[in-house]
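A quick write-up on the structure given underneath.
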Amino acid sequence: MDMANSQLLLLGDEAIAQAAIDAGISGIYAYPGTPSTEITEYVQASALARKKGIRSAWSVNEKTAFEAALGMSYAGKRAMVCMKHVGLNVAADPFMNAAITGVNGGLLVVSADDPSMHSSQNEQDSRYYANFAMIPVLEPSSQQEAYDMVFYGFRLSELFRLPVMLRITTRLAHSRAGVMRTNALEQNKVSLPENPGQFILLPSNARKNYASLLSVQPELSQAGSSSGFVSRIEGSNHATGVIACGLAWNYYREAEQRLNPGFPVLVIRQYPVSAELIRDFAKETGELLILEEGYPFLEHWIKGVFDVPVKIRGRLDGSIPRTGELNPDHVLAALAQPTAPEFNVPAVAIPRPPALCKGCGHADLYLALNEAIEKYGKGRVFSDIGCYTLGAFPPFNAIDTCVDMGASITMALGAAEAGLIPAVAVIGDSTFTHSGMTGLLEAVNNNTPVTILISDNSTTGMTGGQSSAAEGRLQQICLGLGVDPDHLITIEPLKKNHSLNTAIIARELEYQGVSLIISARECIQTAIRKKRN
Ligand SMILES: Cc1ncc(C[n+]2csc(CCOP(=O)(O)OP(=O)(O)O)c2C)c(N)n1
């Protein structure tokens, strides 16, 4: 439906996607990652996006996604690039440098943080990255604001000619609310940057661009203070002034129902903010309580840079727990109020660790690997991130590391060079093309004695079964990277092949060079889905 001013019930992720379609993007670039995946999936499923010719295929990783989006911006069109928070680590090089080149068409970077680590290996706060790059950040407190901020973000990006970050967190990404759409914007036409040197970051150009990035900072702070995304709410109890950032405002509003009278609140949904704004607010209050989802980002600024003459409480002084998501009880406790039992989430299910699906090929691979490697003792299996990471749990207890996407092959390489031979890497097909291929080239170049198992289920299983970049071509790619054809073997992880597969792995563990085993069987979930359709 292409109707402006219609209301839709949308996830935060979907609100961002719908807004991007309406705000005239020409392309969305992304690699899947919870809690950001549904943004791209929504655009991929949208008939309106198809009609408008918006490109939306998955990228190979976050760095390629970012660079392609920057290229689209260079050509004058609006682009959005989306990732989970750790994806921004992968895209950090183009991200930091895009702040120096600036943009041509509007560029919005959506980074989805995961406080409490519901499905991530850390809870890093993307606002630090935006601050590091010195670009604006928008942090919505509702699905409607997420929608509106996409429009505003593109306007801001094209006004200041800088990338703009939209930072969201899991609760907003994955909860639904009514969202009112506004009038759609046309896509930009292709147009080259006015300054032909803008995107050539030779030192002579980069120094100029960096100086102009620095000079625009006061204006960015002013934009934050006047956009409507920084607002004041009155409250008659001036003992404490509450500063609530993004989604944290909701937790305060829930807690506020039990506060009488309420406190004055400064709601911040855009950064950078000006020091004067915070100082003026602080002047009227006895102390400040900073509520923010993630790290004590603003709290650090207020304490360390803004020179605010009142006591500052938050995550740093223990008023709010240092880690994890906020909740209304945290707010009440920090304001010395009794906590409210109705805010507790009832335990409706007994928590249990996630497990591999019944009939999963990863399981059969681990059974064979465990048997083949047993005689060498524990501690030799460097795994990666994907469904196969569940091999860490019983009954397999098959892996010893999981650090970041792509780390399996390179960590095995380093451990082998330290003398831990045999060393094994286990990596999924999507993770291999995301960031494992360079590690394989390094192992081939050094002829390092490592046994690499690509557990190939022909999909990106962990994030819901998106396409995998090298489907059907893994063997060719590995040969192209220089793996010896005598040590490039494909096995089928099935119960009936257990003895054969165990023998193949055992033989390759003996080999004093790079051996690569592709364990190929379709993901049981995608196979079931295909049958149903
Ligand atoms: C840098 C980064 N990007 C994205 C993710 C989210 N993520 C975790 S595993 C994974 C891919 C898993 O696919 P694959 O390697 O094929 O293994 P499978 O889950 O299919 O077994 C993704 C996209 C992440 N953890 N880190």
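In the structure tokens, each chain is lettered A, B, ... as it comes, each chain's residues begin at 1, and ligands are numbered from 1 in order of appearance.
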> Mind checking DSSP for region 79-320 of chain A and telling me the alpha helix (DSSP H) residues as a ChimeraX atom specification?
Replying inline: /A:85-90,92-101,127-133,143-160,170-173,203-215,217-226,248-256,275-283,297-304
> Which residues sit within 9 Å of ligand 1, counting only C-alpha atoms and all ligand atoms, listed as a VMD selection string?
Replying inline: chain A and resid 31 to 35 37 61 to 62 83 to 91 119 to 121 362 384 to 389 404 to 406 427 to 435 454 to 468 523
> So which one's closest to Phe229 (chain A), A:Val137, A:Ile25, A:Ala368, A:Ala275? Using only C-alpha atoms, please.
Replying inline: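 Of all the options, A:Val137 lies closest to Phe229 (chain A).
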> Hey, can you check how far CA of Phe343 (chain A) sits from CA of Leu316 (chain A)?
Replying inline: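 Between CA of Phe343 (chain A) and CA of Leu316 (chain A) the gap is 23.8 Å.
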> Any idea what the distance is between CA of Thr451 (chain A) and CA of Tyr376 (chain A)?
Replying inline: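 These two atoms are separated by 13.6 Å.
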>> Please determine, counting only C-alpha atoms, which residue among A:Met165, A:Ala470, A:Val450, A:Ala98 has the shortest atom-to-atom distance to Tyr128 (chain A).
In response: A:Met165
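Between Glu293 (chain A) and the residues A:Pro193, A:Pro395, A:Pro321, A:Pro485, the shortest atom-to-atom distance, using only C-alpha atoms, involves A:Pro321.
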>> Taking 5 positions as the minimum chain separation for residues in the same chain, which residues sit within 8 Å of Val109 (chain A) when counting only C-alpha atoms? Answer as a list in words.
In response: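 Everything that qualifies: Met80, Val81, Cys82, Pro163, Val164, Met165 and Leu166 of chain A.
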I need the residues from that last selection saved to file as a PDB file, in the first residue's frame (with N, CA, C and O atoms), if you can.
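Contents of the output file selection_11.pdb:
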ATOM      1  N   MET A  80      20.802   3.646   2.719  1.00  0.00           N
ATOM      2  CA  MET A  80      20.784   3.293   4.144  1.00  0.00           C
ATOM      3  C   MET A  80      21.599   2.012   4.310  1.00  0.00           C
ATOM      4  O   MET A  80      21.491   1.097   3.490  1.00  0.00           O
ATOM      5  N   VAL A  81      22.431   1.964   5.343  1.00  0.00           N
ATOM      6  CA  VAL A  81      23.205   0.754   5.624  1.00  0.00           C
ATOM      7  C   VAL A  81      22.882   0.326   7.056  1.00  0.00           C
ATOM      8  O   VAL A  81      22.834   1.151   7.957  1.00  0.00           O
ATOM      9  N   CYS A  82      22.581  -0.974   7.222  1.00  0.00           N
ATOM     10  CA  CYS A  82      22.082  -1.456   8.515  1.00  0.00           C
ATOM     11  C   CYS A  82      22.936  -2.617   9.011  1.00  0.00           C
ATOM     12  O   CYS A  82      23.335  -3.478   8.226  1.00  0.00           O
ATOM     13  N   PRO A 163      27.475  11.545   7.020  1.00  0.00           N
ATOM     14  CA  PRO A 163      26.634  10.404   7.382  1.00  0.00           C
ATOM     15  C   PRO A 163      25.985  10.667   8.742  1.00  0.00           C
ATOM     16  O   PRO A 163      26.560  11.362   9.582  1.00  0.00           O
ATOM     17  N   VAL A 164      24.792  10.129   8.937  1.00  0.00           N
ATOM     18  CA  VAL A 164      24.094  10.269  10.225  1.00  0.00           C
ATOM     19  C   VAL A 164      23.799   8.863  10.741  1.00  0.00           C
ATOM     20  O   VAL A 164      23.414   7.983   9.970  1.00  0.00           O
ATOM     21  N   MET A 165      24.001   8.662  12.058  1.00  0.00           N
ATOM     22  CA  MET A 165      23.715   7.345  12.633  1.00  0.00           C
ATOM     23  C   MET A 165      22.333   7.335  13.292  1.00  0.00           C
ATOM     24  O   MET A 165      21.944   8.292  13.962  1.00  0.00           O
ATOM     25  N   LEU A 166      21.615   6.242  13.065  1.00  0.00           N
ATOM     26  CA  LEU A 166      20.379   5.985  13.803  1.00  0.00           C
ATOM     27  C   LEU A 166      20.695   4.810  14.717  1.00  0.00           C
ATOM     28  O   LEU A 166      20.962   3.708  14.242  1.00  0.00           O
TER      29      LEU A 166
END
> Hey, can you check how far CA of Phe396 (chain A) sits from CA of Glu371 (chain A)?
Replying inline: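 Between these atoms lies a distance of 10.6 Å.
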Region 22-166 of chain A: which residues are strand (DSSP E or B) by DSSP, as an mmCIF file with all heavy atoms, in the first residue's frame?
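That gives us states-v2.cif:
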data_model
loop_
_atom_site.group_PDB
_atom_site.id
_atom_site.type_symbol
_atom_site.label_atom_id
_atom_site.label_comp_id
_atom_site.auth_asym_id
_atom_site.auth_seq_id
_atom_site.Cartn_x
_atom_site.Cartn_y
_atom_site.Cartn_z
ATOM 1 N N ILE A 25 14.924 6.436 -0.378
ATOM 2 C CA ILE A 25 16.215 5.749 -0.573
ATOM 3 C C ILE A 25 16.203 5.068 -1.937
ATOM 4 O O ILE A 25 15.150 4.665 -2.442
ATOM 5 C CB ILE A 25 16.549 4.685 0.518
ATOM 6 C CG1 ILE A 25 15.493 3.580 0.619
ATOM 7 C CG2 ILE A 25 16.848 5.325 1.844
ATOM 8 C CD1 ILE A 25 15.977 2.322 1.316
ATOM 9 N N SER A 26 17.396 4.921 -2.482
ATOM 10 C CA SER A 26 17.533 4.148 -3.717
ATOM 11 C C SER A 26 18.102 2.772 -3.424
ATOM 12 O O SER A 26 18.022 1.883 -4.270
ATOM 13 C CB SER A 26 18.428 4.890 -4.710
ATOM 14 O OG SER A 26 17.807 6.108 -5.051
ATOM 15 N N GLY A 27 18.698 2.590 -2.232
ATOM 16 C CA GLY A 27 19.233 1.273 -1.894
ATOM 17 C C GLY A 27 19.393 1.097 -0.400
ATOM 18 O O GLY A 27 19.642 2.062 0.341
ATOM 19 N N ILE A 28 19.214 -0.157 0.044
ATOM 20 C CA ILE A 28 19.533 -0.522 1.431
ATOM 21 C C ILE A 28 20.600 -1.595 1.335
ATOM 22 O O ILE A 28 20.501 -2.518 0.523
ATOM 23 C CB ILE A 28 18.288 -0.998 2.205
ATOM 24 C CG1 ILE A 28 18.653 -1.412 3.640
ATOM 25 C CG2 ILE A 28 17.546 -2.132 1.515
ATOM 26 C CD1 ILE A 28 17.454 -1.645 4.549
ATOM 27 N N TYR A 29 21.634 -1.458 2.143
ATOM 28 C CA TYR A 29 22.769 -2.393 2.131
ATOM 29 C C TYR A 29 22.934 -2.939 3.549
ATOM 30 O O TYR A 29 22.952 -2.166 4.507
ATOM 31 C CB TYR A 29 24.041 -1.678 1.694
ATOM 32 C CG TYR A 29 23.982 -1.218 0.246
ATOM 33 C CD1 TYR A 29 23.455 0.016 -0.092
ATOM 34 C CD2 TYR A 29 24.433 -2.051 -0.776
ATOM 35 C CE1 TYR A 29 23.384 0.434 -1.417
ATOM 36 C CE2 TYR A 29 24.369 -1.645 -2.109
ATOM 37 C CZ TYR A 29 23.840 -0.405 -2.419
ATOM 38 O OH TYR A 29 23.770 -0.009 -3.730
ATOM 39 N N ALA A 30 23.068 -4.263 3.669
ATOM 40 C CA ALA A 30 23.141 -4.843 5.011
ATOM 41 C C ALA A 30 23.656 -6.267 4.974
ATOM 42 O O ALA A 30 23.509 -6.965 3.972
ATOM 43 C CB ALA A 30 21.744 -4.833 5.651
ATOM 44 N N ARG A 55 17.129 -1.179 -4.421
ATOM 45 C CA ARG A 55 17.916 -2.416 -4.350
ATOM 46 C C ARG A 55 18.028 -2.838 -2.871
ATOM 47 O O ARG A 55 18.135 -2.013 -1.953
ATOM 48 C CB ARG A 55 19.269 -2.283 -5.052
ATOM 49 C CG ARG A 55 20.301 -1.420 -4.430
ATOM 50 C CD ARG A 55 21.030 -2.027 -3.256
ATOM 51 N NE ARG A 55 21.833 -3.189 -3.613
ATOM 52 C CZ ARG A 55 22.210 -4.121 -2.752
ATOM 53 N NH1 ARG A 55 21.827 -4.063 -1.484
ATOM 54 N NH2 ARG A 55 22.979 -5.114 -3.125
ATOM 55 N N ARG A 78 20.151 8.628 -2.120
ATOM 56 C CA ARG A 78 20.060 8.311 -0.686
ATOM 57 C C ARG A 78 20.238 6.810 -0.466
ATOM 58 O O ARG A 78 19.628 5.999 -1.180
ATOM 59 C CB ARG A 78 18.703 8.708 -0.106
ATOM 60 C CG ARG A 78 18.561 10.184 0.042
ATOM 61 C CD ARG A 78 17.241 10.617 0.667
ATOM 62 N NE ARG A 78 17.012 11.960 0.199
ATOM 63 C CZ ARG A 78 16.025 12.324 -0.613
ATOM 64 N NH1 ARG A 78 15.107 11.464 -0.973
ATOM 65 N NH2 ARG A 78 15.945 13.562 -1.025
ATOM 66 N N ALA A 79 21.048 6.468 0.531
ATOM 67 C CA ALA A 79 21.283 5.058 0.833
ATOM 68 C C ALA A 79 21.226 4.851 2.341
ATOM 69 O O ALA A 79 21.547 5.759 3.117
ATOM 70 C CB ALA A 79 22.643 4.626 0.303
ATOM 71 N N MET A 80 20.802 3.646 2.719
ATOM 72 C CA MET A 80 20.784 3.293 4.144
ATOM 73 C C MET A 80 21.599 2.012 4.310
ATOM 74 O O MET A 80 21.491 1.097 3.490
ATOM 75 C CB MET A 80 19.342 3.076 4.611
ATOM 76 C CG MET A 80 19.230 2.886 6.102
ATOM 77 S SD MET A 80 17.551 3.234 6.699
ATOM 78 C CE MET A 80 16.758 1.669 6.414
ATOM 79 N N VAL A 81 22.431 1.964 5.343
ATOM 80 C CA VAL A 81 23.205 0.754 5.624
ATOM 81 C C VAL A 81 22.882 0.326 7.056
ATOM 82 O O VAL A 81 22.834 1.151 7.957
ATOM 83 C CB VAL A 81 24.715 0.975 5.374
ATOM 84 C CG1 VAL A 81 25.268 2.184 6.113
ATOM 85 C CG2 VAL A 81 25.521 -0.265 5.739
ATOM 86 N N CYS A 82 22.581 -0.974 7.222
ATOM 87 C CA CYS A 82 22.082 -1.456 8.515
ATOM 88 C C CYS A 82 22.936 -2.617 9.011
ATOM 89 O O CYS A 82 23.335 -3.478 8.226
ATOM 90 C CB CYS A 82 20.659 -1.977 8.395
ATOM 91 S SG CYS A 82 19.564 -0.821 7.595
ATOM 92 N N MET A 83 23.123 -2.662 10.322
ATOM 93 C CA MET A 83 23.925 -3.745 10.900
ATOM 94 C C MET A 83 23.644 -3.856 12.383
ATOM 95 O O MET A 83 23.088 -2.942 12.989
ATOM 96 C CB MET A 83 25.401 -3.453 10.681
ATOM 97 C CG MET A 83 25.882 -2.170 11.313
ATOM 98 S SD MET A 83 27.373 -1.536 10.551
ATOM 99 C CE MET A 83 26.793 -0.895 9.018
ATOM 100 N N LYS A 84 24.034 -4.989 12.949
ATOM 101 C CA LYS A 84 24.022 -5.063 14.402
ATOM 102 C C LYS A 84 25.275 -4.359 14.896
ATOM 103 O O LYS A 84 26.202 -4.127 14.122
ATOM 104 C CB LYS A 84 23.932 -6.509 14.882
ATOM 105 C CG LYS A 84 25.151 -7.376 14.676
ATOM 106 C CD LYS A 84 24.902 -8.774 15.205
ATOM 107 C CE LYS A 84 24.934 -8.795 16.712
ATOM 108 N NZ LYS A 84 24.162 -9.861 17.307
ATOM 109 N N LEU A 107 23.114 9.720 3.652
ATOM 110 C CA LEU A 107 23.559 8.384 4.068
ATOM 111 C C LEU A 107 23.185 8.178 5.536
ATOM 112 O O LEU A 107 23.633 8.921 6.411
ATOM 113 C CB LEU A 107 25.069 8.236 3.888
ATOM 114 C CG LEU A 107 25.680 6.906 4.347
ATOM 115 C CD1 LEU A 107 25.091 5.730 3.582
ATOM 116 C CD2 LEU A 107 27.201 6.928 4.172
ATOM 117 N N LEU A 108 22.333 7.181 5.775
ATOM 118 C CA LEU A 108 21.908 6.874 7.136
ATOM 119 C C LEU A 108 22.490 5.516 7.524
ATOM 120 O O LEU A 108 22.324 4.528 6.811
ATOM 121 C CB LEU A 108 20.375 6.825 7.183
ATOM 122 C CG LEU A 108 19.736 6.921 8.564
ATOM 123 C CD1 LEU A 108 20.039 8.260 9.229
ATOM 124 C CD2 LEU A 108 18.216 6.739 8.470
ATOM 125 N N VAL A 109 23.164 5.495 8.676
ATOM 126 C CA VAL A 109 23.797 4.275 9.176
ATOM 127 C C VAL A 109 22.977 3.788 10.360
ATOM 128 O O VAL A 109 22.903 4.473 11.383
ATOM 129 C CB VAL A 109 25.232 4.571 9.673
ATOM 130 C CG1 VAL A 109 25.919 3.283 10.117
ATOM 131 C CG2 VAL A 109 26.039 5.307 8.618
ATOM 132 N N VAL A 110 22.324 2.636 10.224
ATOM 133 C CA VAL A 110 21.534 2.120 11.346
ATOM 134 C C VAL A 110 22.376 1.090 12.077
ATOM 135 O O VAL A 110 22.804 0.085 11.503
ATOM 136 C CB VAL A 110 20.225 1.464 10.862
ATOM 137 C CG1 VAL A 110 19.400 1.010 12.064
ATOM 138 C CG2 VAL A 110 19.425 2.421 10.001
ATOM 139 N N SER A 111 22.642 1.353 13.359
ATOM 140 C CA SER A 111 23.393 0.392 14.169
ATOM 141 C C SER A 111 22.496 -0.046 15.325
ATOM 142 O O SER A 111 22.013 0.774 16.097
ATOM 143 C CB SER A 111 24.680 1.030 14.683
ATOM 144 O OG SER A 111 25.469 0.041 15.307
ATOM 145 N N ALA A 112 22.258 -1.371 15.387
ATOM 146 C CA ALA A 112 21.300 -1.913 16.374
ATOM 147 C C ALA A 112 22.064 -2.562 17.525
ATOM 148 O O ALA A 112 22.702 -3.594 17.343
ATOM 149 C CB ALA A 112 20.385 -2.920 15.681
ATOM 150 N N ASP A 113 21.987 -1.916 18.678
ATOM 151 C CA ASP A 113 22.718 -2.395 19.861
ATOM 152 C C ASP A 113 21.890 -3.434 20.613
ATOM 153 O O ASP A 113 20.654 -3.448 20.517
ATOM 154 C CB ASP A 113 23.032 -1.229 20.797
ATOM 155 C CG ASP A 113 24.051 -0.254 20.193
ATOM 156 O OD1 ASP A 113 24.556 -0.523 19.093
ATOM 157 O OD2 ASP A 113 24.336 0.772 20.841
ATOM 158 N N VAL A 137 24.062 11.499 15.930
ATOM 159 C CA VAL A 137 23.348 10.258 16.238
ATOM 160 C C VAL A 137 21.916 10.590 16.615
ATOM 161 O O VAL A 137 21.681 11.530 17.389
ATOM 162 C CB VAL A 137 23.897 9.536 17.493
ATOM 163 C CG1 VAL A 137 23.344 8.131 17.584
ATOM 164 C CG2 VAL A 137 25.377 9.558 17.568
ATOM 165 N N LEU A 138 20.991 9.811 16.100
ATOM 166 C CA LEU A 138 19.580 9.915 16.492
ATOM 167 C C LEU A 138 19.229 8.645 17.247
ATOM 168 O O LEU A 138 19.609 7.546 16.829
ATOM 169 C CB LEU A 138 18.702 10.062 15.250
ATOM 170 C CG LEU A 138 19.107 11.198 14.309
ATOM 171 C CD1 LEU A 138 18.282 11.153 13.021
ATOM 172 C CD2 LEU A 138 18.942 12.548 15.000
ATOM 173 N N VAL A 164 24.792 10.129 8.937
ATOM 174 C CA VAL A 164 24.094 10.269 10.225
ATOM 175 C C VAL A 164 23.799 8.863 10.741
ATOM 176 O O VAL A 164 23.414 7.983 9.970
ATOM 177 C CB VAL A 164 22.783 11.072 10.047
ATOM 178 C CG1 VAL A 164 21.911 11.013 11.294
ATOM 179 C CG2 VAL A 164 23.096 12.516 9.698
ATOM 180 N N MET A 165 24.001 8.662 12.058
ATOM 181 C CA MET A 165 23.715 7.345 12.633
ATOM 182 C C MET A 165 22.333 7.335 13.292
ATOM 183 O O MET A 165 21.944 8.292 13.962
ATOM 184 C CB MET A 165 24.761 6.969 13.695
ATOM 185 C CG MET A 165 24.473 5.619 14.347
ATOM 186 S SD MET A 165 25.533 5.228 15.732
ATOM 187 C CE MET A 165 27.010 4.741 14.878
ATOM 188 N N LEU A 166 21.615 6.242 13.065
ATOM 189 C CA LEU A 166 20.379 5.985 13.803
ATOM 190 C C LEU A 166 20.695 4.810 14.717
ATOM 191 O O LEU A 166 20.962 3.708 14.242
ATOM 192 C CB LEU A 166 19.253 5.639 12.830
ATOM 193 C CG LEU A 166 17.880 5.362 13.424
ATOM 194 C CD1 LEU A 166 17.304 6.616 14.079
ATOM 195 C CD2 LEU A 166 16.904 4.900 12.339
#
>> Need the shell around region 497-511 of chain A: protein/DNA/RNA residues with any atom at most 9 Å away, counting only C-alpha atoms. Skip same-chain ones fewer than 2 positions apart. Format as a ChimeraX atom specification?
In response: /A:364-365,367-373,421-424,449-451,453,487,489,491-495,513-517
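If only C-alpha atoms are the atoms counted, then among A:Val190, A:Leu162, A:Leu247, A:Leu440 the closest residue to Gln217 (chain A) is A:Leu162.
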> Which of these, A:Leu70, A:Leu332, A:Leu277, A:Ala398, has the shortest distance to Asn260 (chain A) once you count only C-alpha atoms?
Replying inline: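 Closest residue, counting only C-alpha atoms: A:Leu332.
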